[in-house]
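Participant: Pasting a structure below so you can have a look.
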Amino acid sequence: MTPSGHGPTPPSIPLGPPRWERRAGRPRRALRAAFLTLAVGLLAGAAAGGASARTLDRPNALQIANGPTPIPDGTLHREISPNDFWGGTYTTSSNERVTIRISRSYPENPAVGQQWANYVASLLHGSEISQVTISLATPAEVSQLCGGEDILGCYGDNQLLAPGEDQPGITAESVIAHEYGHHVAAHRSNAPWPAVDWGTKRWASYINVCSRTRARELFPGAEQALVYRFNPGEAFAEAYRLLNEQRLGLPITPWRVVDPSLQPDARALQLVQEDVTAPWATNTMTTLRGTFARRGSSVRTFKVATPYDGRLVTSLRSARGERLKINVHAATVCGTRTTTLRVTRTSGFGAFSVVVSRP
């Protein structure tokens, strides 16, 4: 679903591989509290059976590169409760606090919970790390809780659900890193659009999410298999995972989750890093000044750099008795990296100024 709430007509493209993960519940811009209480009895059978034969993996950051192949997707239809999970909030080796909950289908081992907290803290992050709760469960439980067979993970409202063990060709580390990318985006501004659907400000502007969305090449928030591969929110999350691969000095893995046109180059990965560590927060204010003489030209033109997509607003101030008009009062910057402002005098003369709020 697009941010406006009206789903786009799917493009005429071949049916691509289905998505390998899904955020829970309704679209990410309005996700319900998806991980608060567990449907009674969901995991009770596993807990009642005593010690589990399942093994909770110990994280290895180098396995972040072993990403998944696309598999079917689903919808969350159950709620999660902490009652069927052990764990808690761990102080990491970087002196940060990360909440890890682990299904009681796995034997309780606080030392492994600590290791998973350290792994999450090793991913590039900001202050948002203290707000996430990461729940690790068996692949079958993840599928049940995320709403479909073979679903690997889901995210919503600061809650991240992922497998606590590897599967053939798919590591828990890669799923968690991708899902954490959604958590990063959910805590960044890309006003007037939700970053969790569109990607973060600098990255989204660089790959032209706005203009490509207008051209119906990209579909922010799309959850149907047909357009999932053209979802920039998914592309951002996967670029985030690749950035963390790069930071470990690993070879960049094949780009298989979303469309090849969204594969990041070095500049795109650099901008993802900037958006994580120094997030864009608000528009920049600039004041332009000029003067109209009693005689002479009645038009003044200014070119304003607009490096990022977003909302541009102007405010015109004139001298007493001077009447002016401007060609742009408010506009959406969408792929245009320079905006031309034109101030026209209709009467009077004197100094004037234009206050510009630009992304």
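We label chains A, B, ... in the order they appear in the structure tokens, count residues from 1 in each chain, and number ligands from 1 in the order shown.
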Just the residues within 8 Å of Asn283 in chain A, please, counting only C-alpha atoms, with nothing from its chain fewer than 5 positions along; format it as number ranges by chain.
Facilitator: A: 357-359
Participant: Can you tell me which residues surround range 197-207 of chain A at a distance of at most 6 Å, considering only C-alpha atoms, apart from same-chain residues fewer than 3 positions away, and format the answer as a ChimeraX atom specification?
Facilitator: /A:190,194,220-221,232-233,236,268,271-272,308-309
Participant: One number please: CA of Thr344 in chain A to CA of Thr332 in chain A, in Å, one decimal.
Facilitator: 21.6 Å
Participant: Which residues are close to Asn109 in chain A, i.e. within 10 Å by only C-alpha atoms, leaving aside same-chain residues fewer than 3 positions away? Reply as an mmCIF file with all heavy atoms, in the first residue's frame.
Facilitator:
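Okay, part27.cif is ready:
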```
data_model
loop_
_atom_site.group_PDB
_atom_site.id
_atom_site.type_symbol
_atom_site.label_atom_id
_atom_site.label_comp_id
_atom_site.auth_asym_id
_atom_site.auth_seq_id
_atom_site.Cartn_x
_atom_site.Cartn_y
_atom_site.Cartn_z
ATOM 1 N N LEU A 56 19.817 -23.257 19.844
ATOM 2 C CA LEU A 56 19.896 -21.835 19.535
ATOM 3 C C LEU A 56 21.293 -21.535 19.011
ATOM 4 O O LEU A 56 22.292 -21.842 19.667
ATOM 5 C CB LEU A 56 19.614 -21.008 20.790
ATOM 6 C CG LEU A 56 19.770 -19.492 20.669
ATOM 7 C CD1 LEU A 56 18.720 -18.916 19.726
ATOM 8 C CD2 LEU A 56 19.663 -18.853 22.050
ATOM 9 N N TRP A 86 12.386 -16.372 27.014
ATOM 10 C CA TRP A 86 13.324 -16.025 28.063
ATOM 11 C C TRP A 86 14.283 -14.960 27.515
ATOM 12 O O TRP A 86 14.284 -14.665 26.343
ATOM 13 C CB TRP A 86 14.071 -17.250 28.575
ATOM 14 C CG TRP A 86 14.839 -18.040 27.540
ATOM 15 C CD1 TRP A 86 14.394 -19.120 26.837
ATOM 16 C CD2 TRP A 86 16.184 -17.817 27.114
ATOM 17 N NE1 TRP A 86 15.364 -19.573 25.978
ATOM 18 C CE2 TRP A 86 16.483 -18.807 26.141
ATOM 19 C CE3 TRP A 86 17.164 -16.879 27.453
ATOM 20 C CZ2 TRP A 86 17.722 -18.882 25.504
ATOM 21 C CZ3 TRP A 86 18.402 -16.956 26.822
ATOM 22 C CH2 TRP A 86 18.677 -17.939 25.862
ATOM 23 N N GLY A 87 15.091 -14.408 28.381
ATOM 24 C CA GLY A 87 16.014 -13.353 27.970
ATOM 25 C C GLY A 87 15.743 -12.086 28.738
ATOM 26 O O GLY A 87 15.249 -12.099 29.861
ATOM 27 N N ILE A 102 14.070 -14.837 23.682
ATOM 28 C CA ILE A 102 14.312 -16.077 22.952
ATOM 29 C C ILE A 102 13.246 -17.099 23.327
ATOM 30 O O ILE A 102 12.929 -17.284 24.509
ATOM 31 C CB ILE A 102 15.724 -16.610 23.250
ATOM 32 C CG1 ILE A 102 16.757 -15.573 22.773
ATOM 33 C CG2 ILE A 102 15.961 -17.951 22.566
ATOM 34 C CD1 ILE A 102 18.170 -15.853 23.170
ATOM 35 N N TYR A 106 13.871 -23.124 22.793
ATOM 36 C CA TYR A 106 15.317 -23.287 22.922
ATOM 37 C C TYR A 106 15.688 -23.369 24.403
ATOM 38 O O TYR A 106 15.116 -22.647 25.228
ATOM 39 C CB TYR A 106 16.053 -22.090 22.305
ATOM 40 C CG TYR A 106 15.851 -21.924 20.821
ATOM 41 C CD1 TYR A 106 15.150 -20.821 20.326
ATOM 42 C CD2 TYR A 106 16.365 -22.835 19.917
ATOM 43 C CE1 TYR A 106 14.973 -20.646 18.965
ATOM 44 C CE2 TYR A 106 16.190 -22.662 18.547
ATOM 45 C CZ TYR A 106 15.486 -21.564 18.072
ATOM 46 O OH TYR A 106 15.310 -21.394 16.723
ATOM 47 N N VAL A 112 24.240 -17.066 25.622
ATOM 48 C CA VAL A 112 23.968 -16.952 24.190
ATOM 49 C C VAL A 112 23.095 -15.723 23.926
ATOM 50 O O VAL A 112 23.264 -15.024 22.922
ATOM 51 C CB VAL A 112 23.307 -18.229 23.646
ATOM 52 C CG1 VAL A 112 23.053 -18.105 22.148
ATOM 53 C CG2 VAL A 112 24.191 -19.434 23.916
ATOM 54 N N GLY A 113 22.158 -15.439 24.817
ATOM 55 C CA GLY A 113 21.388 -14.204 24.690
ATOM 56 C C GLY A 113 22.288 -12.986 24.674
ATOM 57 O O GLY A 113 22.098 -12.053 23.889
ATOM 58 N N GLN A 114 23.298 -12.998 25.530
ATOM 59 C CA GLN A 114 24.273 -11.904 25.561
ATOM 60 C C GLN A 114 25.020 -11.802 24.238
ATOM 61 O O GLN A 114 25.261 -10.704 23.714
ATOM 62 C CB GLN A 114 25.253 -12.135 26.695
ATOM 63 C CG GLN A 114 26.350 -11.075 26.802
ATOM 64 C CD GLN A 114 25.824 -9.735 27.264
ATOM 65 O OE1 GLN A 114 25.321 -9.622 28.383
ATOM 66 N NE2 GLN A 114 25.930 -8.710 26.428
#
```
Participant: Could you state the separation of CA of Asn60 in chain A and CA of Val258 in chain A in Å, given to one decimal place?
Facilitator: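 It comes out at 24.9 Å.
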Participant: Determine, counting only C-alpha atoms, which protein, DNA and RNA residues have an atom within 9 Å of an atom of Asp166 in chain A; residues of the same chain fewer than 4 positions away are not included. Present the result as number ranges by chain.
Facilitator: A: 57, 139, 170-173
Participant: Okay, now the selection with N, CA and C atoms, as a CSV table (one decimal), in the first residue's frame?
Facilitator:
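For reference, part-v1.csv as written:
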```
chain,number,residue,atom,x,y,z
A,57,ASP,N,21.4,-21.0,17.8
A,57,ASP,CA,22.7,-20.7,17.2
A,57,ASP,C,23.4,-19.6,18.0
A,139,PRO,N,12.1,-21.5,13.3
A,139,PRO,CA,11.5,-21.1,11.9
A,139,PRO,C,10.0,-21.4,11.9
A,170,ILE,N,20.6,-20.0,4.5
A,170,ILE,CA,20.0,-18.8,5.1
A,170,ILE,C,20.5,-18.7,6.5
A,171,THR,N,21.1,-17.6,6.9
A,171,THR,CA,21.6,-17.5,8.3
A,171,THR,C,20.7,-16.5,9.1
A,172,ALA,N,20.6,-16.8,10.3
A,172,ALA,CA,19.8,-15.9,11.2
A,172,ALA,C,20.4,-14.5,11.2
A,173,GLU,N,21.8,-14.4,11.1
A,173,GLU,CA,22.5,-13.1,11.1
A,173,GLU,C,22.0,-12.3,9.9
```
Participant: Write out as number ranges by chain all residues of range 80-213 of chain A that backbone DSSP assigns to alpha helix (DSSP H).
Facilitator: A: 110-122, 139-146, 172-186, 195-198, 201-206, 209-213
Participant: Work out how far apart CA of Gly126 in chain A and CA of Gly181 in chain A are and give it in Å to one decimal.
Facilitator: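 If I compute the distance from CA of Gly126 in chain A to CA of Gly181 in chain A, I get 11.5 Å.
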